$ cat upload-v7.tsv   # TSV, C-alpha atoms
chain	number	residue	atom	x	y	z
A	770	MET	CA	140.88	45.68	78.41
A	771	ASN	CA	139.69	47.72	81.42
A	772	GLY	CA	136.85	47.05	83.89
A	773	HIS	CA	134.32	48.80	81.61
A	774	SER	CA	135.24	46.66	78.63
A	775	ILE	CA	135.01	43.48	80.72
A	776	ARG	CA	131.50	44.48	81.84
A	777	TYR	CA	130.58	45.13	78.19
A	778	LEU	CA	131.92	41.70	77.32
A	779	VAL	CA	129.78	40.07	80.03
A	780	VAL	CA	126.67	41.70	78.57
A	781	VAL	CA	127.55	40.46	75.09
A	782	LEU	CA	128.08	36.92	76.36
A	783	LEU	CA	124.83	36.88	78.31
A	784	LEU	CA	122.92	38.10	75.28
A	785	GLY	CA	124.62	35.43	73.20
A	786	GLY	CA	123.52	32.74	75.66
A	787	LEU	CA	119.94	33.99	75.60
A	788	ALA	CA	119.89	34.02	71.83
A	789	LEU	CA	120.64	30.31	71.78
A	790	THR	CA	117.53	29.60	73.86
A	791	LEU	CA	115.01	31.97	72.28
A	792	GLY	CA	114.80	30.35	68.88
A	793	CYS	CA	114.67	32.18	65.56
A	794	GLU	CA	111.57	34.35	65.79
A	795	LYS	CA	113.60	37.41	64.74
A	796	GLU	CA	116.48	37.98	62.41
A	797	PRO	CA	119.67	37.04	64.24
A	798	VAL	CA	121.86	39.93	65.30
A	799	GLU	CA	125.39	39.80	63.92
A	800	PRO	CA	127.75	39.37	66.89
A	801	PRO	CA	130.84	41.54	67.23
A	802	LYS	CA	133.61	40.31	65.01
A	803	THR	CA	135.89	39.91	68.00
A	804	LEU	CA	133.59	37.40	69.69
A	805	ARG	CA	134.46	33.80	68.92
A	806	ASP	CA	131.51	31.93	67.47
A	807	VAL	CA	130.42	29.01	69.65
A	808	ALA	CA	127.28	27.99	67.82
A	809	SER	CA	125.84	24.61	68.67
A	810	GLN	CA	127.02	23.02	65.45
A	811	GLN	CA	130.65	23.62	66.55
A	812	ILE	CA	130.29	21.94	69.93
A	813	SER	CA	129.20	18.42	70.68
A	814	GLU	CA	125.85	18.57	72.50
A	815	GLN	CA	126.87	15.56	74.57
A	816	ALA	CA	130.20	17.11	75.53
A	817	ALA	CA	128.48	20.37	76.46
A	818	SER	CA	125.86	18.50	78.49
A	819	ASP	CA	128.42	16.42	80.37
A	820	LEU	CA	130.67	19.38	81.12
A	821	SER	CA	127.90	21.78	82.17
A	822	LEU	CA	126.41	19.19	84.54
A	823	ALA	CA	129.84	18.35	85.97
A	824	ILE	CA	130.49	22.01	86.74
A	825	TRP	CA	127.09	22.39	88.43
A	826	GLN	CA	127.78	19.31	90.55
A	827	ALA	CA	131.24	20.65	91.42
A	828	GLY	CA	129.46	23.78	92.61
A	829	GLN	CA	127.20	21.70	94.83
A	830	ALA	CA	130.21	19.95	96.37
A	831	GLN	CA	131.93	23.29	97.02
A	832	VAL	CA	128.80	24.78	98.59
A	833	LEU	CA	128.60	21.78	100.93
A	834	HIS	CA	132.29	22.17	101.85
A	835	THR	CA	131.71	25.84	102.62
A	836	HIS	CA	128.63	25.14	104.70
A	837	ALA	CA	130.54	22.51	106.69
A	838	SER	CA	133.39	24.95	107.32
A	839	VAL	CA	130.93	27.65	108.47
A	840	GLU	CA	129.35	25.11	110.85
A	841	THR	CA	132.83	24.42	112.24
A	842	LEU	CA	133.33	28.17	112.65
A	843	GLN	CA	130.03	28.49	114.51
A	844	ARG	CA	131.06	25.69	116.89
A	845	ALA	CA	134.42	27.39	117.48
A	846	VAL	CA	132.67	30.65	118.33
A	847	LYS	CA	130.38	28.83	120.77
A	848	ALA	CA	133.43	27.19	122.38
A	849	LEU	CA	135.12	30.59	122.73
A	850	LEU	CA	132.07	32.09	124.41
A	851	ALA	CA	131.68	29.08	126.70
A	852	ASN	CA	135.31	29.20	127.80
A	853	PRO	CA	137.08	32.43	126.79
A	854	SER	CA	140.79	31.75	126.45
A	855	GLU	CA	143.55	32.70	124.05
A	856	ASP	CA	143.60	29.16	122.70
A	857	GLN	CA	139.87	29.21	121.99
A	858	LEU	CA	140.16	32.64	120.37
A	859	GLU	CA	142.95	31.37	118.12
A	860	GLU	CA	140.87	28.32	117.20
A	861	ALA	CA	137.94	30.58	116.26
A	862	ARG	CA	140.24	32.70	114.11
A	863	LEU	CA	141.68	29.65	112.34
A	864	SER	CA	138.15	28.41	111.69
A	865	TRP	CA	137.25	31.82	110.25
A	866	LEU	CA	140.23	31.65	107.90
A	867	ASP	CA	139.29	28.18	106.70
A	868	ALA	CA	135.63	29.12	106.15
A	869	HIS	CA	136.56	32.37	104.42
A	870	ARG	CA	138.79	30.58	101.92
A	871	GLU	CA	136.17	27.94	101.24
A	872	PHE	CA	133.60	30.67	100.68
A	873	ALA	CA	135.92	32.47	98.26
A	874	ALA	CA	136.25	29.27	96.24
A	875	THR	CA	132.44	29.14	96.06
A	876	LEU	CA	132.03	32.61	94.53
A	877	PRO	CA	132.28	31.58	90.85
A	878	TYR	CA	129.54	28.99	91.41
A	879	ILE	CA	127.32	31.50	93.23
A	880	GLN	CA	127.75	33.92	90.34
A	881	LEU	CA	126.68	31.17	87.95
A	882	ALA	CA	123.68	30.04	89.99
A	883	PHE	CA	122.22	33.53	90.28
A	884	SER	CA	122.92	34.58	86.68
A	885	PRO	CA	119.25	34.44	85.51
A	886	VAL	CA	117.59	37.85	85.62
A	887	ASP	CA	114.84	36.76	88.00
A	888	LEU	CA	117.41	35.43	90.50
A	889	ARG	CA	119.95	38.24	90.50
A	890	SER	CA	118.37	40.24	93.31
A	891	GLN	CA	118.40	37.11	95.50
A	892	GLY	CA	122.04	36.51	94.68
A	893	ARG	CA	122.96	40.09	95.51
A	894	LYS	CA	121.10	39.89	98.84
A	895	LEU	CA	122.93	36.68	99.76
A	896	MET	CA	126.32	38.09	98.82
A	897	LEU	CA	125.75	41.29	100.79
A	898	ALA	CA	124.64	39.29	103.83
A	899	LEU	CA	127.71	37.05	103.77
A	900	ASP	CA	130.49	39.05	102.17
A	901	SER	CA	129.92	42.80	102.57
A	902	TRP	CA	133.18	44.70	102.95
A	903	PRO	CA	134.82	46.81	104.13
A	904	ALA	CA	133.30	46.54	107.60
A	905	GLN	CA	133.45	49.65	109.76
A	906	ALA	CA	134.67	48.57	113.21
A	907	GLY	CA	133.02	51.48	114.98
A	908	TYR	CA	129.62	50.39	113.72
A	909	LEU	CA	129.98	47.18	115.71
A	910	ASP	CA	132.25	47.72	118.68
A	911	THR	CA	134.21	50.17	120.80
A	912	VAL	CA	137.06	51.83	118.95
A	913	PRO	CA	139.94	53.95	120.32
A	914	GLY	CA	138.70	57.42	121.18
A	915	TYR	CA	135.02	56.40	121.09
A	916	SER	CA	134.25	54.35	124.17
A	917	ASP	CA	130.50	54.26	123.52
A	918	SER	CA	130.58	53.42	119.82
A	919	GLY	CA	129.02	50.47	118.08
A	920	ILE	CA	126.10	48.13	118.45
A	921	VAL	CA	127.71	46.60	121.56
A	922	ASN	CA	127.07	49.91	123.35
A	923	ASP	CA	123.75	50.84	121.76
A	924	THR	CA	121.23	49.25	124.10
A	925	ALA	CA	118.38	50.69	122.04
A	926	ILE	CA	119.11	47.91	119.52
A	927	GLU	CA	117.75	44.61	120.78
A	928	LEU	CA	120.22	41.90	119.89
A	929	THR	CA	118.35	39.47	117.68
A	930	LEU	CA	119.40	38.10	114.32
A	931	ALA	CA	116.40	39.75	112.68
A	932	ASN	CA	117.49	43.13	114.04
A	933	LEU	CA	121.07	42.59	112.91
A	934	ARG	CA	119.83	41.94	109.40
A	935	LYS	CA	117.86	45.20	109.55
A	936	GLN	CA	120.92	47.10	110.77
A	937	HIS	CA	123.14	45.63	108.04
A	938	ARG	CA	124.25	48.41	105.65
A	939	LEU	CA	121.48	50.57	107.12
A	940	THR	CA	122.80	53.98	106.06
A	941	ALA	CA	126.16	53.18	104.43
A	942	HIS	CA	127.73	50.21	102.66
A	943	GLU	CA	130.50	49.89	105.25
A	944	GLU	CA	127.99	49.43	108.09
A	945	ALA	CA	128.22	45.64	108.05
A	946	SER	CA	126.51	43.79	110.89
A	947	THR	CA	126.33	40.30	109.33
A	948	GLY	CA	128.72	38.09	107.39
A	949	PHE	CA	132.40	37.22	107.31
A	950	HIS	CA	133.81	40.69	107.73
A	951	ALA	CA	131.56	41.70	110.59
A	952	LEU	CA	132.73	38.54	112.38
A	953	GLU	CA	136.31	39.38	111.40
A	954	VAL	CA	135.96	42.64	113.37
A	955	MET	CA	134.63	40.74	116.39
A	956	LEU	CA	137.36	38.08	116.41
A	957	TRP	CA	140.37	40.26	115.58
A	958	GLY	CA	139.07	43.43	117.19
A	959	PRO	CA	138.79	46.95	115.76
A	960	THR	CA	142.57	47.42	115.82
A	961	GLY	CA	143.63	43.79	115.41
A	962	GLU	CA	144.45	43.47	119.13
A	963	ARG	CA	141.48	41.49	120.43
A	964	THR	CA	142.11	39.32	123.50
A	965	ALA	CA	140.03	36.54	125.01
A	966	GLU	CA	139.41	38.78	128.03
A	967	ASP	CA	137.05	40.83	125.84
A	968	PHE	CA	134.67	37.85	125.82
A	969	ILE	CA	134.62	37.05	129.56
A	970	PRO	CA	131.02	37.48	130.73
A	971	ASP	CA	130.15	40.02	133.42
A	972	SER	CA	127.23	39.31	135.80
A	973	ASN	CA	127.44	42.58	137.72
A	974	GLY	CA	124.78	45.27	137.78
A	975	GLU	CA	121.00	45.28	137.58
A	976	LYS	CA	121.00	44.55	133.84
A	977	PRO	CA	124.12	42.56	133.00
A	978	GLU	CA	122.72	41.82	129.52
A	979	ALA	CA	123.13	45.54	128.77
A	980	LEU	CA	126.87	45.56	129.55
A	981	ALA	CA	129.13	46.01	126.53
A	982	VAL	CA	131.08	42.78	127.09
A	983	ASN	CA	127.91	40.70	127.29
A	984	ARG	CA	126.47	42.39	124.22
A	985	ARG	CA	129.78	41.74	122.42
A	986	ARG	CA	129.43	38.06	123.23
A	987	GLU	CA	125.86	37.95	121.97
A	988	LEU	CA	126.64	39.96	118.86
A	989	THR	CA	129.48	37.59	117.97
A	990	ARG	CA	127.25	34.56	118.48
A	991	LEU	CA	124.46	36.00	116.33
A	992	ILE	CA	126.77	36.91	113.44
A	993	ALA	CA	128.10	33.34	113.32
A	994	LYS	CA	124.57	31.97	113.53
A	995	GLY	CA	123.41	34.14	110.64
A	996	MET	CA	126.29	32.97	108.45
A	997	GLU	CA	125.40	29.33	109.09
A	998	GLU	CA	121.74	29.96	108.27
A	999	ASP	CA	122.61	31.70	105.00
A	1000	MET	CA	124.95	28.93	103.84
A	1001	ALA	CA	122.48	26.22	104.89
A	1002	GLY	CA	119.81	27.91	102.79
A	1003	LEU	CA	122.08	27.98	99.74
A	1004	ALA	CA	123.01	24.32	100.21
A	1005	ARG	CA	119.33	23.32	100.30
A	1006	ARG	CA	118.59	25.11	97.04
A	1007	TRP	CA	121.48	23.75	94.98
A	1008	PRO	CA	120.85	20.05	94.19
A	1009	THR	CA	119.23	19.19	90.85
A	1010	SER	CA	116.41	17.48	92.75
A	1011	ALA	CA	115.62	20.70	94.67
A	1012	ASN	CA	113.87	22.21	91.65
A	1013	ASN	CA	114.98	25.71	92.63
A	1014	LEU	CA	118.31	27.20	91.56
A	1015	SER	CA	119.04	24.16	89.40
A	1016	ARG	CA	115.73	24.46	87.54
A	1017	GLU	CA	116.79	27.71	85.91
A	1018	TYR	CA	120.15	26.25	84.94
A	1019	LEU	CA	118.87	22.93	83.61
A	1020	SER	CA	116.16	24.65	81.56
A	1021	LEU	CA	118.91	25.93	79.27
A	1022	GLY	CA	120.32	23.85	76.45
A	1023	PRO	CA	123.80	22.41	77.03
A	1024	VAL	CA	125.59	24.97	74.85
A	1025	ALA	CA	123.66	27.85	76.45
A	1026	ARG	CA	124.78	26.56	79.85
A	1027	LEU	CA	128.40	26.81	78.75
A	1028	GLN	CA	127.75	30.35	77.59
A	1029	GLN	CA	126.25	31.17	80.99
A	1030	ILE	CA	129.27	29.71	82.77
A	1031	ARG	CA	131.57	31.66	80.48
A	1032	ALA	CA	129.76	34.95	81.14
A	1033	ALA	CA	129.55	34.31	84.90
A	1034	HIS	CA	133.26	33.59	85.18
A	1035	THR	CA	134.21	36.67	83.18
A	1036	GLN	CA	131.99	38.68	85.52
A	1037	VAL	CA	133.67	37.14	88.57
A	1038	ILE	CA	137.03	38.42	87.33
A	1039	ASP	CA	135.56	41.88	86.88
A	1040	GLU	CA	133.43	42.18	90.02
A	1041	GLN	CA	135.20	39.90	92.49
A	1042	VAL	CA	138.86	39.41	91.58
A	1043	LEU	CA	139.74	42.87	90.27
A	1044	ARG	CA	137.87	44.46	93.16
A	1045	ARG	CA	140.17	42.72	95.61
A	1046	LEU	CA	143.27	44.31	94.06
A	1047	PRO	CA	143.59	47.86	95.39
A	1048	GLU	CA	144.55	50.62	92.99
A	1049	GLY	CA	146.45	52.48	95.71
A	1050	SER	CA	147.45	52.47	99.35
A	1051	GLU	CA	144.18	54.20	100.32
A	1052	SER	CA	141.95	51.56	98.71
A	1053	ASP	CA	139.69	49.29	100.74
A	1054	VAL	CA	141.20	45.95	101.71
A	1055	GLU	CA	138.93	42.95	102.07
A	1056	SER	CA	140.47	41.19	105.07
A	1057	GLY	CA	142.92	43.66	106.56
A	1058	ARG	CA	142.60	42.39	110.14
A	1059	ALA	CA	142.78	38.69	109.26
A	1060	ALA	CA	145.37	39.32	106.49
A	1061	ASP	CA	143.61	36.80	104.29
A	1062	SER	CA	142.86	38.72	101.10
A	1063	LYS	CA	145.54	36.93	99.10
A	1064	GLN	CA	144.53	33.42	100.15
A	1065	ALA	CA	140.88	34.19	99.43
A	1066	LEU	CA	141.81	35.39	95.96
A	1067	LEU	CA	143.81	32.23	95.37
A	1068	GLY	CA	140.67	30.28	96.32
A	1069	ILE	CA	138.62	32.04	93.64
A	1070	MET	CA	141.32	31.44	91.04
A	1071	ALA	CA	141.60	27.76	91.96
A	1072	THR	CA	137.91	27.27	91.17
A	1073	LEU	CA	138.17	29.11	87.86
A	1074	GLN	CA	141.23	27.11	86.87
A	1075	SER	CA	139.62	23.79	87.83
A	1076	ASN	CA	136.64	24.62	85.61
A	1077	TRP	CA	138.65	25.84	82.64
A	1078	ILE	CA	141.88	23.83	82.69
A	1079	PRO	CA	141.43	20.91	85.09
A	1080	THR	CA	144.18	18.40	85.66
A	1081	GLY	CA	143.75	15.74	83.02
A	1082	GLY	CA	141.90	17.98	80.56
A	1083	GLY	CA	138.25	18.14	79.61
A	1084	GLY	CA	137.46	21.63	80.91
A	1085	MET	CA	135.82	24.72	79.45
A	1086	ALA	CA	138.94	25.79	77.59
A	1087	GLU	CA	139.18	22.52	75.69
A	1088	VAL	CA	135.58	22.85	74.50
A	1089	LEU	CA	135.40	26.58	73.75
A	1090	LEU	CA	138.91	27.72	72.80
A	1091	ASP	CA	141.49	26.84	70.16
A	1092	ARG	CA	144.68	25.15	71.26
A	1093	HIS	CA	146.69	28.37	71.18
A	1094	GLN	CA	144.20	30.09	73.47
A	1095	VAL	CA	144.17	27.06	75.77
A	1096	SER	CA	147.95	27.18	76.08
A	1097	ALA	CA	147.91	30.93	76.67
A	1098	LEU	CA	145.19	30.65	79.33
A	1099	GLU	CA	147.10	27.95	81.16
A	1100	GLU	CA	150.22	30.13	81.11
A	1101	THR	CA	148.25	33.16	82.35
A	1102	PHE	CA	146.82	31.22	85.30
A	1103	SER	CA	150.34	30.08	86.19
A	1104	ASP	CA	151.84	33.56	85.88
A	1105	PHE	CA	149.07	35.12	87.97
A	1106	GLU	CA	149.42	32.58	90.77
A	1107	ALA	CA	153.21	33.02	90.83
A	1108	LEU	CA	152.78	36.80	91.04
A	1109	LEU	CA	150.21	36.54	93.85
A	1110	LEU	CA	152.51	34.37	95.93
A	1111	LYS	CA	155.18	37.07	95.74
A	1112	MET	CA	152.83	39.87	96.82
A	1113	GLU	CA	152.27	41.10	100.36
A	1114	ASP	CA	149.04	40.39	102.23
A	1115	PRO	CA	147.06	42.58	102.72
A	1116	PHE	CA	147.38	43.81	99.16
A	1117	GLU	CA	147.67	47.45	100.21
A	1118	LEU	CA	151.28	46.61	101.09
A	1119	ALA	CA	152.05	45.18	97.62
A	1120	GLU	CA	154.32	47.00	95.21
A	1121	PRO	CA	152.41	49.23	92.76
A	1122	GLY	CA	154.12	47.55	89.82
A	1123	GLN	CA	152.90	44.15	90.98
A	1124	LEU	CA	149.31	45.41	91.20
A	1125	VAL	CA	149.51	46.80	87.66
A	1126	GLN	CA	150.94	43.53	86.36
A	1127	ALA	CA	148.24	41.54	88.18
A	1128	ARG	CA	145.49	43.62	86.57
A	1129	LYS	CA	146.98	43.11	83.11
A	1130	LEU	CA	147.10	39.35	83.64
A	1131	LEU	CA	143.47	39.32	84.80
A	1132	GLU	CA	142.34	41.30	81.77
A	1133	ARG	CA	144.19	38.86	79.53
A	1134	MET	CA	142.62	35.95	81.40
A	1135	ALA	CA	139.13	37.38	80.89
A	1136	GLY	CA	139.77	37.95	77.20
A	1137	LEU	CA	141.03	34.41	76.73
A	1138	MET	CA	138.06	32.91	78.59
A	1139	ALA	CA	135.68	34.92	76.43
A	1140	GLY	CA	137.52	33.93	73.26
A	1141	THR	CA	138.04	37.57	72.28
A	1142	THR	CA	141.81	37.51	72.75
A	1143	GLN	CA	143.45	35.87	69.77
A	1144	VAL	CA	146.86	34.25	70.19
A	1145	PRO	CA	149.34	34.71	67.32
A	1146	LEU	CA	150.98	31.60	65.95
A	1147	SER	CA	154.40	30.88	67.33
A	1148	GLU	CA	157.37	30.12	65.12
A	1149	LYS	CA	157.16	26.40	65.87
A	1150	ASP	CA	153.57	26.37	64.56
A	1151	VAL	CA	154.66	27.69	61.17
A	1152	MET	CA	155.67	24.95	58.73
A	1153	PRO	CA	159.15	25.71	57.38
A	1154	VAL	CA	159.43	25.89	53.63
A	1155	SER	CA	162.40	24.19	52.00
A	1156	LEU	CA	163.52	25.87	48.81
A	1157	PRO	CA	165.14	23.77	46.11
A	1158	THR	CA	168.87	24.18	45.71
A	1159	ILE	CA	169.73	25.89	42.46
A	1160	GLY	CA	172.77	24.41	40.83
A	1161	ASN	CA	175.51	26.45	39.27
$ encode --input "upload-v7.tsv" --output "structure tokens"
Amino acid sequence: MNGHSIRYLVVVLLLGGLALTLGCEKEPVEPPKTLRDVASQQISEQAASDLSLAIWQAGQAQVLHTHASVETLQRAVKALLANPSEDQLEEARLSWLDAHREFAATLPYIQLAFSPVDLRSQGRKLMLALDSWPAQAGYLDTVPGYSDSGIVNDTAIELTLANLRKQHRLTAHEEASTGFHALEVMLWGPTGERTAEDFIPDSNGEKPEALAVNRRRELTRLIAKGMEEDMAGLARRWPTSANNLSREYLSLGPVARLQQIRAAHTQVIDEQVLRRLPEGSESDVESGRAADSKQALLGIMATLQSNWIPTGGGGMAEVLLDRHQVSALEETFSDFEALLLKMEDPFELAEPGQLVQARKLLERMAGLMAGTTQVPLSEKDVMPVSLPTIGN
């Protein structure tokens, strides 16, 4: 199964979920024979209700964790700017790493929350604001050979958060001026050699606010502020009492919610996980400066696994899959994690064979989640037949 077939599968699953909620005004369309039937009569409504609500509430908890970690990151950035030192710079970087991993673990829930058609554009806008990559260093700061490059040197751009949002991806997708990877550039530097000295304020000249170092300080502060605002907004919209994101989700029947989760998670594998695995040494790497691509990917997978095969049972797999598929999915999660831990970070340094194997495991994982990958019976599942002994 390649990326195109996974995207086709997502469409099929979304249409299946909608069909459950639209009633029977038209003749039902026969689903593809490869798609496992999960009609309501096969699933306990109570079990589907309990599980779908539990997953939404788990999403709320993860969003709150991520917001708290971004608040910690913002405080670390403020401390760095107040007292530039190597220790404060290291603390800001560690806070970035923690917040980035928490955010990665939130991605499957964000995909679910913004699945409805009328919310997708909002979800895309949020994701681009927080997680646009790769980020071109020269769009933000001075780079070797170009001493006047970047927003820090362009005094025609007034440094306000509103202006940064306008500049974000202005003429090209790599022109990131908000979000995790823009801040990654500021904290690690264009070449990964940032020092605390780059944040020491300079009060010389008639317009010190126009000096590159002072603009670098302000740009870094504003990026962190924008990230906190975006996560705070998501956290406010999530609770079931907020009557916003949750309203769309709760308006679906319990089984349709499971279908929406299923489709969203399959889409995460296609659009988020596979995208983070480069197809060659020239491919974009998500967190090349911070060397955190692998840990972020592990965060996404941890959320998917906790939803499908949680410790103690009772997850999506138990409700939607047969026991052979459940066992195979559990094994695939384990194999993928073991492979990731062996791979280099950033992934561009990984062995080509490992990247190919990782993609195959992800495609199998997506097929198992969707129920389209059937698992042959093993020998131990086949009842042996004892033939009578024929006497002489």
$ closest_atom_pairs --input "upload-v7.tsv" --of "region 849-906 of chain A" --to "region 957-973 of chain A" --cutoff "8 Å" --atoms "all atoms listed in the file" --output "CSV"
residue,atom,partner,partner_atom,distance
A:Leu849,CA,A:Phe968,CA,7.9
A:Leu850,CA,A:Phe968,CA,6.5
A:Pro853,CA,A:Ala965,CA,5.4
A:Ser854,CA,A:Ala965,CA,5.1
A:Glu855,CA,A:Ala965,CA,5.3
A:Gln857,CA,A:Ala965,CA,7.9
A:Leu858,CA,A:Ala965,CA,6.1
A:Arg862,CA,A:Trp957,CA,7.7
A:Ala906,CA,A:Pro959,CA,5.1
$ residues_around --input "upload-v7.tsv" --residues "region 1087-1097 of chain A" --least-positions-apart "3" --cutoff "8 Å" --atoms "all atoms listed in the file" --output "list in words"
Val807, Ile812, Ala816, Ala817, Trp1077, Ile1078, Gly1082, Gly1083, Gly1084, Glu1100, Thr1101, Leu1137, Met1138, Gly1140, Thr1142, Gln1143, Val1144, Pro1145 and Leu1146 of chain A
$ residues_around --input "upload-v7.tsv" --residues "region 865-869 of chain A" --least-positions-apart "5" --cutoff "6 Å" --atoms "only C-alpha atoms" --output "MDAnalysis selection string"
chainID A and resid 838:839 842
$ closest_residue --input "upload-v7.tsv" --among "A:Thr989, A:Ser813, A:Asn1012, A:Gln831" --to "Ala1071 (chain A)" --atoms "all atoms listed in the file"
A:Gln831
$ residues_around --input "upload-v7.tsv" --residues "His834 (chain A)" --least-positions-apart "6" --cutoff "10 Å" --atoms "only C-alpha atoms" --output "ChimeraX atom specification"
/A:828,840,868,871-872,874-875,1004
$ residues_near_point --input "upload-v7.tsv" --point "(136.7, 39.1, 85.2)" --cutoff "8 Å" --atoms "only C-alpha atoms" --output "list in words"
Ile775, His1034, Thr1035, Gln1036, Val1037, Ile1038, Asp1039, Glu1040, Gln1041, Val1042, Leu1043, Leu1131, Glu1132, Met1134 and Ala1135 of chain A
$ atom_distance --input "upload-v7.tsv" --atom1 "CA of Val832 (chain A)" --atom2 "CA of Glu987 (chain A)"
27.0 Å
$ atom_distance --input "upload-v7.tsv" --atom1 "CA of Trp902 (chain A)" --atom2 "CA of Ala951 (chain A)"
8.4 Å
$ atom_distance --input "upload-v7.tsv" --atom1 "CA of Leu1014 (chain A)" --atom2 "CA of Ala827 (chain A)"
14.5 Å
$ residues_around --input "upload-v7.tsv" --residues "Leu980 (chain A)" --least-positions-apart "3" --cutoff "9 Å" --atoms "all atoms listed in the file" --output "ChimeraX atom specification"
/A:921-922,924,971-974,976-977,983-985
$ residues_near_point --input "upload-v7.tsv" --point "(151.8, 44.4, 96.1)" --cutoff "12 Å" --atoms "all atoms listed in the file" --output "ChimeraX atom specification"
/A:1045-1050,1062-1063,1108-1128
$ closest_residue --input "upload-v7.tsv" --among "A:Asp917, A:Glu1055, A:Glu1099, A:Asp1061" --to "Asn1076 (chain A)" --atoms "only C-alpha atoms"
A:Glu1099
$ closest_residue --input "upload-v7.tsv" --among "A:Gly995, A:Gly1081, A:Pro1008, A:Gly948" --to "Ala882 (chain A)" --atoms "only C-alpha atoms"
A:Pro1008
$ closest_residue --input "upload-v7.tsv" --among "A:Arg986, A:His950, A:Lys935, A:Lys1129" --to "Val846 (chain A)" --atoms "only C-alpha atoms"
A:Arg986
$ closest_residue --input "upload-v7.tsv" --among "A:Val886, A:Leu833, A:Leu956, A:Ala981" --to "Arg1058 (chain A)" --atoms "all atoms listed in the file"
A:Leu956
$ closest_residue --input "upload-v7.tsv" --among "A:Leu888, A:Met1085, A:Leu1067, A:Leu1098" --to "Asn1013 (chain A)" --atoms "all atoms listed in the file"
A:Leu888
$ axis_aligned_box --input "upload-v7.tsv" --around "region 829-835 of chain A" --padding-each-side "8 Å" --output "AutoDock Vina command-line options"
--center_x 129.7 --center_y 22.9 --center_z 98.7 --size_x 21.1 --size_y 21.9 --size_z 23.8
$ residues_around --input "upload-v7.tsv" --residues "Arg934 (chain A)" --least-positions-apart "3" --cutoff "12 Å" --atoms "only C-alpha atoms" --output "NGL selection string"
:A and (894-895 or 897-899 or 926-931 or 937-939 or 944-948 or 951 or 988 or 991-992 or 994-996 or 999)
$ decode --input "upload-v7.tsv" --residues "region 1121-1131 of chain A" --atoms "N, CA, C and O atoms" --output "short mmCIF file (atom, residue, chain, number, x, y, z; two decimals), in the first residue's frame"
data_model
loop_
_atom_site.label_atom_id
_atom_site.label_comp_id
_atom_site.auth_asym_id
_atom_site.auth_seq_id
_atom_site.Cartn_x
_atom_site.Cartn_y
_atom_site.Cartn_z
N PRO A 1121 19.27 3.53 4.13
CA PRO A 1121 18.14 3.44 3.19
C PRO A 1121 17.26 2.21 3.43
O PRO A 1121 16.03 2.29 3.33
N GLY A 1122 17.89 1.09 3.76
CA GLY A 1122 17.11 -0.12 4.01
C GLY A 1122 16.18 0.03 5.20
O GLY A 1122 15.07 -0.52 5.21
N GLN A 1123 16.63 0.74 6.21
CA GLN A 1123 15.79 0.97 7.39
C GLN A 1123 14.58 1.84 7.03
O GLN A 1123 13.47 1.60 7.52
N LEU A 1124 14.79 2.85 6.20
CA LEU A 1124 13.68 3.73 5.78
C LEU A 1124 12.65 2.95 4.98
O LEU A 1124 11.45 3.13 5.16
N VAL A 1125 13.12 2.07 4.11
CA VAL A 1125 12.19 1.23 3.31
C VAL A 1125 11.40 0.32 4.24
O VAL A 1125 10.18 0.18 4.11
N GLN A 1126 12.08 -0.31 5.18
CA GLN A 1126 11.40 -1.20 6.13
C GLN A 1126 10.39 -0.44 6.97
O GLN A 1126 9.28 -0.93 7.24
N ALA A 1127 10.75 0.78 7.39
CA ALA A 1127 9.84 1.59 8.20
C ALA A 1127 8.57 1.91 7.42
O ALA A 1127 7.46 1.87 7.97
N ARG A 1128 8.72 2.26 6.16
CA ARG A 1128 7.55 2.57 5.34
C ARG A 1128 6.64 1.35 5.18
O ARG A 1128 5.42 1.47 5.21
N LYS A 1129 7.22 0.20 4.99
CA LYS A 1129 6.42 -1.02 4.85
C LYS A 1129 5.64 -1.30 6.14
O LYS A 1129 4.47 -1.70 6.09
N LEU A 1130 6.29 -1.11 7.27
CA LEU A 1130 5.60 -1.34 8.55
C LEU A 1130 4.45 -0.35 8.73
O LEU A 1130 3.38 -0.71 9.23
N LEU A 1131 4.66 0.91 8.33
CA LEU A 1131 3.60 1.91 8.45
C LEU A 1131 2.41 1.59 7.54
O LEU A 1131 1.26 1.77 7.92
#
